[in-house]
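Below is protein.csv, holding CSV, C-alpha atoms.
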chain,number,residue,atom,x,y,z
A,1,LYS,CA,43.6,116.4,48.3
A,2,VAL,CA,47.2,117.5,47.8
A,3,ALA,CA,46.7,121.1,46.8
A,4,GLY,CA,43.1,121.8,47.4
A,5,ASP,CA,43.8,124.5,50.0
A,6,LEU,CA,46.1,126.4,47.6
A,7,PHE,CA,43.6,126.1,44.8
A,8,VAL,CA,40.7,127.5,46.9
A,9,LYS,CA,43.0,130.2,48.4
A,10,ASN,CA,43.7,131.7,45.0
A,11,MET,CA,40.1,131.9,43.9
A,12,ASP,CA,38.2,135.2,43.8
A,13,TRP,CA,34.9,134.6,45.6
A,14,PRO,CA,33.6,135.3,49.1
A,15,GLY,CA,34.7,132.8,51.8
A,16,ALA,CA,37.6,131.4,49.8
A,17,GLN,CA,40.2,132.2,52.5
A,18,GLU,CA,38.1,130.5,55.3
A,19,LEU,CA,37.6,127.4,53.1
A,20,SER,CA,41.3,127.3,52.3
A,21,GLU,CA,42.2,127.3,56.0
A,22,ARG,CA,39.7,124.4,56.7
A,23,LEU,CA,41.1,122.4,53.8
A,24,ALA,CA,44.7,123.0,55.0
A,25,LYS,CA,43.8,121.3,58.3
A,26,THR,CA,42.8,118.1,56.5
A,27,ILE,CA,45.9,117.8,54.5
A,28,ASP,CA,48.8,115.5,55.6
A,29,PRO,CA,51.4,117.6,57.6
A,30,LYS,CA,54.2,116.2,55.4
A,31,LEU,CA,52.7,118.0,52.4
A,32,LEU,CA,52.4,121.3,54.3
A,33,ALA,CA,56.1,121.4,55.2
A,34,VAL,CA,58.3,123.8,53.2
A,35,GLY,CA,61.2,121.3,53.0
A,36,ASP,CA,61.3,117.6,52.5
A,37,GLU,CA,61.2,116.8,56.2
A,38,ASP,CA,58.2,116.3,58.4
A,39,PRO,CA,58.2,119.0,61.1
A,40,ALA,CA,57.4,116.3,63.8
A,41,LEU,CA,60.3,114.3,62.6
A,42,ALA,CA,62.6,117.3,62.7
A,43,ALA,CA,61.5,118.0,66.3
A,44,ALA,CA,62.1,114.4,67.3
A,45,GLN,CA,65.6,114.5,65.7
A,46,GLN,CA,66.4,117.6,67.7
A,47,GLN,CA,65.2,116.0,70.9
A,48,ILE,CA,67.4,112.9,70.1
A,49,GLN,CA,70.4,115.1,69.5
A,50,ALA,CA,69.8,117.0,72.8
A,51,MET,CA,69.4,113.7,74.7
A,52,SER,CA,72.5,112.3,73.1
A,53,GLY,CA,74.5,115.4,74.2
A,54,GLU,CA,73.1,114.9,77.8
A,55,MET,CA,74.0,111.2,77.7
A,56,ASP,CA,77.6,112.1,76.6
A,57,ALA,CA,77.9,114.6,79.4
A,58,MET,CA,76.6,112.0,82.0
A,59,HIS,CA,79.0,109.4,80.6
A,60,LYS,CA,82.0,111.8,81.0
A,61,MET,CA,80.8,112.6,84.5
A,62,LEU,CA,80.6,108.9,85.4
A,63,GLN,CA,84.1,108.4,84.0
A,64,ASN,CA,85.4,111.2,86.1
A,65,VAL,CA,83.7,109.8,89.3
A,66,SER,CA,85.1,106.4,88.5
A,67,GLN,CA,88.7,107.8,88.1
A,68,SER,CA,88.3,109.8,91.2
A,69,ILE,CA,87.3,106.7,93.2
A,70,GLU,CA,90.2,104.8,91.7
A,71,MET,CA,92.6,107.6,92.7
A,72,GLN,CA,91.2,107.7,96.2
A,73,ASP,CA,91.6,103.9,96.4
A,74,MET,CA,95.2,104.1,95.3
A,75,GLU,CA,95.9,106.9,97.8
A,76,ARG,CA,94.3,104.9,100.5
A,77,LYS,CA,96.5,101.9,99.7
A,78,ASP,CA,99.6,104.0,99.6
A,79,PHE,CA,98.7,105.5,103.0
A,80,GLU,CA,98.1,102.0,104.4
A,81,ALA,CA,101.5,100.9,103.1
A,82,GLN,CA,103.2,103.9,104.7
A,83,ILE,CA,101.4,103.1,108.0
A,84,LYS,CA,102.7,99.5,107.8
A,85,LEU,CA,106.2,100.8,107.1
A,86,PHE,CA,106.1,103.1,110.1
A,87,ASP,CA,104.7,100.3,112.2
A,88,ALA,CA,107.4,97.9,111.2
A,89,GLU,CA,110.1,100.6,111.7
A,90,THR,CA,108.7,101.4,115.2
A,91,LYS,CA,108.7,97.6,116.1
A,92,ARG,CA,112.2,97.3,114.8
A,93,LEU,CA,113.4,100.3,116.8
A,94,THR,CA,111.7,99.0,119.9
A,95,ALA,CA,113.5,95.7,119.6
A,96,VAL,CA,116.9,97.3,118.8
A,97,GLN,CA,116.5,100.0,121.4
A,98,ALA,CA,117.4,97.7,124.3
A,99,SER,CA,120.8,97.2,122.9
A,100,MET,CA,121.4,100.8,121.8
A,101,SER,CA,123.1,103.5,123.7
A,102,PRO,CA,121.3,106.9,124.2
A,103,GLU,CA,123.9,108.4,121.8
A,104,GLN,CA,122.9,106.0,119.0
A,105,ILE,CA,119.2,106.7,119.5
A,106,GLN,CA,120.0,110.4,119.4
A,107,ASP,CA,121.9,109.9,116.2
A,108,ILE,CA,119.0,108.1,114.6
A,109,VAL,CA,116.5,110.8,115.7
A,110,MET,CA,118.8,113.6,114.5
A,111,GLY,CA,119.3,111.9,111.1
A,112,THR,CA,115.6,111.5,110.7
A,113,VAL,CA,114.9,115.2,111.6
A,114,HIS,CA,117.7,116.3,109.3
A,115,GLY,CA,116.2,114.2,106.4
A,116,MET,CA,112.9,115.8,107.0
A,117,MET,CA,114.3,119.3,107.0
A,118,VAL,CA,116.4,118.7,103.8
A,119,ASN,CA,114.0,116.9,101.5
A,120,GLY,CA,110.8,116.4,103.5
A,121,ASP,CA,110.9,112.6,102.9
A,122,LEU,CA,110.7,110.7,106.1
A,123,VAL,CA,110.3,107.3,104.5
A,124,THR,CA,113.6,107.5,102.5
A,125,GLU,CA,115.4,108.8,105.6
A,126,MET,CA,114.0,105.9,107.7
A,127,GLN,CA,115.1,103.4,105.1
A,128,ARG,CA,118.6,104.9,105.0
A,129,ASP,CA,118.9,104.9,108.8
A,130,THR,CA,117.7,101.3,108.9
A,131,ALA,CA,120.4,100.2,106.4
A,132,MET,CA,123.0,102.1,108.4
A,133,ASP,CA,121.8,100.5,111.7
A,134,MET,CA,121.9,97.1,110.1
A,135,GLN,CA,125.5,97.7,108.9
A,136,GLU,CA,126.5,98.8,112.5
A,137,GLU,CA,124.9,95.7,114.0
A,138,ASP,CA,126.8,93.5,111.5
A,139,GLN,CA,130.1,95.2,112.3
A,140,LYS,CA,129.4,94.7,116.0
A,141,GLU,CA,128.7,91.0,115.5
A,142,GLN,CA,131.8,90.6,113.4
A,143,GLN,CA,133.9,92.3,116.1
A,144,MET,CA,132.4,90.0,118.8
A,145,GLN,CA,133.2,86.9,116.8
A,146,GLN,CA,136.9,87.9,116.2
A,147,PRO,CA,139.4,86.4,118.7
A,148,MET,CA,140.9,88.9,121.1
A,149,GLN,CA,144.6,89.7,121.4
A,150,PRO,CA,146.1,89.6,124.9
A,151,GLN,CA,146.0,93.4,125.1
A,152,GLY,CA,142.3,93.5,124.5
A,153,GLN,CA,142.6,94.4,120.8
A,154,PRO,CA,140.8,92.3,118.2
A,155,MET,CA,142.9,90.1,116.0
A,156,PRO,CA,143.2,91.2,112.4
A,157,PRO,CA,141.3,89.1,109.9
A,158,GLN,CA,143.2,86.2,108.4
A,159,GLY,CA,145.4,87.2,105.5
A,160,ALA,CA,145.3,90.9,106.6
A,161,MET,CA,148.5,92.7,107.6
A,162,PRO,CA,148.5,94.4,111.0
A,163,GLU,CA,148.8,98.2,110.9
A,164,GLN,CA,152.3,99.5,111.6
A,165,MET,CA,152.6,101.4,114.8
A,166,PRO,CA,154.3,104.8,114.6
A,167,PRO,CA,157.6,105.1,116.4
A,168,GLN,CA,157.5,106.1,120.0
A,169,GLY,CA,156.9,109.9,120.5
A,170,MET,CA,155.4,110.3,117.0
A,171,PRO,CA,151.6,111.0,116.6
A,172,PRO,CA,149.7,108.5,114.6
A,173,GLN,CA,148.8,109.6,111.0

What is this structure when it is put down as structure tokens?
Amino acid sequence: KVAGDLFVKNMDWPGAQELSERLAKTIDPKLLAVGDEDPALAAAQQQIQAMSGEMDAMHKMLQNVSQSIEMQDMERKDFEAQIKLFDAETKRLTAVQASMSPEQIQDIVMGTVHGMMVNGDLVTEMQRDTAMDMQEEDQKEQQMQQPMQPQGQPMPPQGAMPEQMPPQGMPPQ
């Protein structure tokens, strides 16, 4: 049963080749393989390896899609934060505009345009302008709270020395 086809194939009588071929069909395929592996098993292993490669490629593709979605979500959140910042700045400027002179508004606009031209960063420029505007407002409030001298000049803060006036006919330094 194991080597019958080989035994008949090497015989010297008519029809030995045909009988050898028929016997080969009845033998277990594992015994007919040249190596130690079953040909069906080797084919199955190749299929498994090919499928494993395809699965790895699909896994990488899914990771890329997931990262892309996360990046888009982060970009969307950043964009929404910028919109909120612009909206807050617009509301603040609308509220402050009533007390601002046209020159002050023009200074803010020119500073913003200059910032955009210099570094292309409107947000940083808006934050800087906001800080400067708040300082100006604080200074105005402090000036309004200081008592006035008879000549219309604000009184120096307590503990501060008044500036010396230059002699008559001399320009101030």

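The neighbours of segment 96-98 of chain A here are the residues that come within 12 Å of it, using all atoms listed in the file and leaving out any residue fewer than 4 positions away in the same chain; they are Glu89, Thr90, Lys91, Arg92, Pro102, Glu103, Gln104, Ile105, Gln106, Ile108, Thr130, Asp133, Met134, Glu136 and Glu137 of chain A.
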
Interatomic distance between atom CA of Glu141 of chain A and atom CA of Ser101 of chain A?
16.0 Å

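When all atoms listed in the file are used to measure the gap to Lys1 of chain A, the shortest distance among A:Met51, A:Ala24, A:Leu41, A:Ala16 belongs to A:Ala24.
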
Quick one, how far is atom CA of Met110 of chain A from atom CA of Leu93 of chain A?
14.5 Å

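In this structure, atom CA of Leu31 of chain A sits 7.2 Å away from atom CA of Val2 of chain A.
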
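In terms of minimum interatomic distance to Gly111 of chain A, A:Met132 ranks closest within A:Gln82, A:Met132, A:Lys140, A:Phe7, counting all atoms listed in the file.
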